[in-house]
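Inspection log for the structure reproduced underneath, given as structure tokens.
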Amino acid sequence: MSLRGRDVISIRDLSKEEVLEVLAAARKMIPFAEGKKVTHPLEDRIVAMAFFEPSTRTRLSFEAAVQRLGGRCITIADAAATSMRKGESLSDTVQMLTSYSDAIVIRHPNEGSAQLAARVSPKPIINAGDGAGQHPTQTLADLAAMQEAFGTLTGLKVVLLGDLRYGRTVHSLAYALAVFGAEIVLTSPPELRLPRELFEELVRMGARVTEEGDVRKAVRDADVLYVTRIQKERFGDEGEYRKVAGSYRIDRHILSEAKPRLVILHPLPRAGEILPEVDSMPHASYFRQAFLAVPVRMALLSAVLAGGRGGA
Amino acid sequence: MSEARELRITPIRNGTVIDHIGNGLALDVLRIIGAQGLDKDSTVSVALHVRSGKLGWKDIVKVENMELSPRKVNAIALIAPTATISIIRDFKVQAKRPVDLPETIVGILHCPNPNCISNQGEPIESEFRVSRRKPVQLTCAFCERTLDDFLHHLV
């Protein structure tokens with residue numbers, strides 16, 4: 001694999017083999033991510049964290065990843081505190097960060113911003129979420145959680161549940177699952193169905209994709225249940241939102257017919273989609289999934305920054 | 001060309017003739033050509049709804065003393081894919097070719113996604129890949145949004 005010096009803007013930038021290699025490297029990183037072993041491949045390296053919209057989980061896990069690898073971070077955690085507030089363009093800000101760091105991790109509210117950064121900067125750019133666009137390292141963490149639980153990604157039956165229309169993580173994940181030959185079951189309110197274009201693409205890729213409106217039925221023979229947040233702002237009416245959100249809530253009752261090995265994932269933060277009573281069940285793997293984001297990001301950062309001066 | 005039709009649009013000494021424009025699209029082509037760059041003494045002739053062997057009906061635009069930039073030719077290729085462009089020098093056709101759609105379209109259209117970074121005043125030009133040729137569909141090189149309604153997104 002040579003990810004050295006590469007930009008990672010979308011999960012589509014990585015081949016199937018590259019994804020598998022990042023996941024294999026991530027497995028080896030687990031004891032280092034847990035602090036049980038020490039490694040310093042990024043010693044003397046500086047990674048810029050350019051977070052132009054609020055994020056706790058993604059930013060902290062990237063910072064933890066850099067520091068576990070012996071590197072250092074410089075961080076923009078709040079766009080309001082930068083000179084972008086004074087009207088500086090993103091292009092200029094990225095130019096500046098390029099001269100201060102060896103790689104840039106960027107989250108920005110506008111779609112295409114990571115692509116813009118990649119054009120401006122000769123240093124590797126890692127997209128940590130561009131508006132409703134891409135979030136490739138989340139997808140890698142999702143895949144890592146599935147692979148850890150089942151030892152493979154091929155042939156899994158994965159239910160994608162919730163907001164399949166606007167959820168950025170679910171689009172990248174659906175694509176990756178299709179690449180790995182998983183069976184995909186889509187369960188969403190009618191107004192939050194997966195975009196038609198993406199659905200058709202998955203089918204063209206040869207994926208087995210079905211829609212199942214009934215959560216209980218969908219869960220019955222699934223290997224993975226991937227739950228996403230249904231956001232209130234997608235509905236004009238509060239009552240309608242409550243009704244829809246209520247019918248997609250995961251509780252012990254819904255899981256009563258699930259396979260014993262069913263794994264439940266959620267990109268977090270959750271807002272009531274999975275009741276706390278589920279947390280103690282063996283199915284609940286979302287906190288493990290959140291942890292796995294650290295070794296996954298460690299694996300990606302060390303691949304991108306391995307040797308030399310990070311592609312500059 | 002018959003004498004009667006010759007009289008409807010007079011020949012030009014130097015300039016560009018855009019022929020075989022799909023019926024009703026000449027005014028959109030004019031919009032692409034724009035007023036800038038036109039010589040103050042130039043004449044622009046527009047013929048709408050002209051009989052055509054190939055198309056049934058077509059439009060024609062003739063612009064004196066102007067040759068189109070590649071960018072404008074690309075824009076015409078999007079709006080009027082059947083058009084042909086002839087360069088006229090001293091009343092003679094120096095070159096004639098159909099418009100041809102390139103792999104990428106830069107700076108001609110704006111992205112339909114209002115939240116795309118290319119619509120935020122950054123010092124960049126819009127850019128689209130031709131993701132499908134028949135019918136033409138473009139994909140934003142920044143946000144990946146697709147576009148097939150070009151007329152309403154001309155810069």
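Starting from 1 in every chain, residues are counted up; chains themselves are A, B, ... following the order of the structure tokens, and ligands are numbered from 1 as listed.
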Within 10 Å of chain B, which residues of chain A are there when counting only C-alpha atoms? Please give them as a short mmCIF file (atom, residue, chain, number, x, y, z; two decimals) with C-alpha atoms, in the first residue's frame.
data_model
loop_
_atom_site.label_atom_id
_atom_site.label_comp_id
_atom_site.auth_asym_id
_atom_site.auth_seq_id
_atom_site.Cartn_x
_atom_site.Cartn_y
_atom_site.Cartn_z
CA GLU A 88 -10.09 35.17 5.17
CA SER A 89 -10.81 32.53 2.57
CA LEU A 90 -10.48 28.83 3.33
CA SER A 91 -7.84 28.69 0.59
CA ASP A 92 -5.67 31.21 2.44
CA HIS A 108 -15.71 22.24 7.43
CA PRO A 109 -19.44 23.01 7.00
CA ASN A 110 -19.28 23.32 3.20
CA GLU A 111 -19.36 20.32 0.87
CA GLY A 112 -16.23 20.08 -1.26
CA SER A 113 -14.06 22.00 1.23
CA ALA A 114 -11.63 19.11 1.75
CA GLN A 115 -11.28 18.79 -2.02
CA LEU A 116 -10.51 22.50 -2.19
CA ARG A 119 -5.97 21.45 -4.38
CA VAL A 120 -4.46 24.30 -2.41
CA ASP A 130 -17.29 18.32 4.76
CA GLY A 131 -20.86 19.47 5.35
CA ALA A 132 -23.28 16.80 4.19
CA GLY A 133 -20.49 15.34 2.02
CA GLN A 134 -17.87 12.76 2.90
CA GLU A 197 -28.83 7.93 -7.49
#
request  = Find the residues near region 82-84 of chain B: any atom within 7 Å, counting only C-alpha atoms, skip ones fewer than 5 places away on the same chain, and give them as a ChimeraX atom specification.
outcome  = /B:18-22,96-99
Store the residues of this selection in a file with C-alpha atoms, as an mmCIF file, in the first residue's frame.
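Final output, saved to out.cif:
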data_model
loop_
_atom_site.group_PDB
_atom_site.id
_atom_site.type_symbol
_atom_site.label_atom_id
_atom_site.label_comp_id
_atom_site.auth_asym_id
_atom_site.auth_seq_id
_atom_site.Cartn_x
_atom_site.Cartn_y
_atom_site.Cartn_z
ATOM 1 C CA ILE B 18 -22.557 29.347 -35.184
ATOM 2 C CA ASP B 19 -24.818 27.166 -37.270
ATOM 3 C CA HIS B 20 -27.032 24.161 -36.577
ATOM 4 C CA ILE B 21 -28.085 25.513 -33.219
ATOM 5 C CA GLY B 22 -31.096 23.540 -31.994
ATOM 6 C CA LYS B 96 -15.504 24.622 -39.542
ATOM 7 C CA ARG B 97 -16.030 22.140 -36.780
ATOM 8 C CA PRO B 98 -18.752 20.735 -34.561
ATOM 9 C CA VAL B 99 -18.667 21.779 -30.926
#
When DSSP is applied to the backbone of this structure, which of region 36-140 of chain B are assigned helix (DSSP H, G or I)? Write them out as a PDB file with C-alpha atoms, in the first residue's frame.
ATOM      1  CA  PRO B  70     -12.484  27.764 -25.964  1.00  0.00           C
ATOM      2  CA  ARG B  71     -14.444  28.339 -22.769  1.00  0.00           C
ATOM      3  CA  LYS B  72     -17.374  29.843 -24.661  1.00  0.00           C
ATOM      4  CA  VAL B  73     -17.255  27.041 -27.205  1.00  0.00           C
ATOM      5  CA  ASN B  74     -17.498  24.552 -24.330  1.00  0.00           C
ATOM      6  CA  ALA B  75     -20.509  26.379 -22.944  1.00  0.00           C
ATOM      7  CA  ILE B  76     -22.184  26.294 -26.362  1.00  0.00           C
ATOM      8  CA  ALA B  77     -21.439  22.577 -26.564  1.00  0.00           C
ATOM      9  CA  LEU B  78     -23.422  22.104 -23.365  1.00  0.00           C
ATOM     10  CA  ILE B  79     -26.434  24.195 -24.389  1.00  0.00           C
ATOM     11  CA  ILE B 117     -17.416  25.378  -1.359  1.00  0.00           C
ATOM     12  CA  SER B 118     -17.279  26.606  -4.961  1.00  0.00           C
ATOM     13  CA  ASN B 119     -20.225  28.930  -4.165  1.00  0.00           C
TER      14      ASN B 119
END
Residue nearest Leu101 (chain B) among B:Gly53, B:Lys134, B:Ser86, B:Glu125 (counting only C-alpha atoms) = B:Lys134
request  = May I have the residues within 10 Å of Ala284 (chain A) as a count of residues only, using only C-alpha atoms and disregarding those fewer than 6 positions away in the same chain?
outcome  = 10
inquiry  = So that I can check the surroundings of region 289-297 of chain A, please list as number ranges by chain every protein, DNA and RNA residue that reaches within 8 Å of it, counting only C-alpha atoms and ignoring chain neighbours fewer than 6 positions away.
reply    = A: 22-23, 25-27, 29-30, 32-33, 61-62, 64-65, 137-138, 140-142, 144-145, 265-268
Could you save the residues just selected, with C-alpha atoms, as a compact mmCIF listing (two decimals), in the first residue's frame?
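Saved to selection.txt:
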# COMPACT_ATOMS: atom_id res chain seq x y z
CA VAL A 22 -5.69 0.23 6.67
CA LEU A 23 -7.98 -2.07 8.69
CA ALA A 25 -2.81 -1.84 10.28
CA ALA A 26 -5.53 -0.52 12.60
CA ARG A 27 -5.82 -3.91 14.31
CA MET A 29 -2.50 -0.28 16.44
CA ILE A 30 -5.06 -1.30 19.08
CA PHE A 32 -0.90 1.42 21.13
CA ALA A 33 -4.28 3.19 21.01
CA SER A 61 -9.96 11.00 18.42
CA PHE A 62 -7.73 12.49 15.71
CA ALA A 64 -5.46 11.23 20.44
CA ALA A 65 -4.31 9.32 17.34
CA THR A 137 -12.46 7.89 8.48
CA GLN A 138 -15.88 7.32 10.06
CA LEU A 140 -13.21 3.06 8.13
CA ALA A 141 -14.10 2.93 11.83
CA ASP A 142 -17.51 1.44 10.98
CA ALA A 144 -13.26 -1.90 11.54
CA ALA A 145 -16.04 -2.55 14.06
CA LEU A 265 -23.39 0.27 15.59
CA HIS A 266 -24.09 4.02 15.65
CA PRO A 267 -21.78 6.85 14.52
CA LEU A 268 -22.75 8.77 17.68
Non-local contacts of Trp57 (chain B) (8 Å; only C-alpha atoms; under 6 positions in same chain excluded) as a list in words =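 Near neighbours after the sequence-gap exclusion: Gly22, Asn23, His49, Val50 and Arg51 of chain B.
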Take the residues just selected and output them with N, CA and C atoms as a short mmCIF file (atom, residue, chain, number, x, y, z; two decimals), in the first residue's frame.
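Saved file result14.cif follows:
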data_model
loop_
_atom_site.label_atom_id
_atom_site.label_comp_id
_atom_site.auth_asym_id
_atom_site.auth_seq_id
_atom_site.Cartn_x
_atom_site.Cartn_y
_atom_site.Cartn_z
N GLY B 22 -29.76 24.12 -32.15
CA GLY B 22 -31.10 23.54 -31.99
C GLY B 22 -32.15 24.64 -31.99
N ASN B 23 -33.30 24.32 -32.59
CA ASN B 23 -34.37 25.29 -32.73
C ASN B 23 -34.74 25.94 -31.39
N HIS B 49 -35.50 29.78 -36.27
CA HIS B 49 -36.45 28.93 -36.98
C HIS B 49 -36.17 28.93 -38.49
N VAL B 50 -34.99 28.44 -38.82
CA VAL B 50 -34.56 28.34 -40.21
C VAL B 50 -34.66 26.87 -40.61
N ARG B 51 -35.10 26.63 -41.83
CA ARG B 51 -35.20 25.23 -42.30
C ARG B 51 -33.82 24.58 -42.32
#
Who sits within 12 Å of Arg261 (chain A), only C-alpha atoms, same chain under 4 positions skipped, as a PyMOL selection string = chain A and resi 146+149-150+156-157+219-225+255+257+281-285
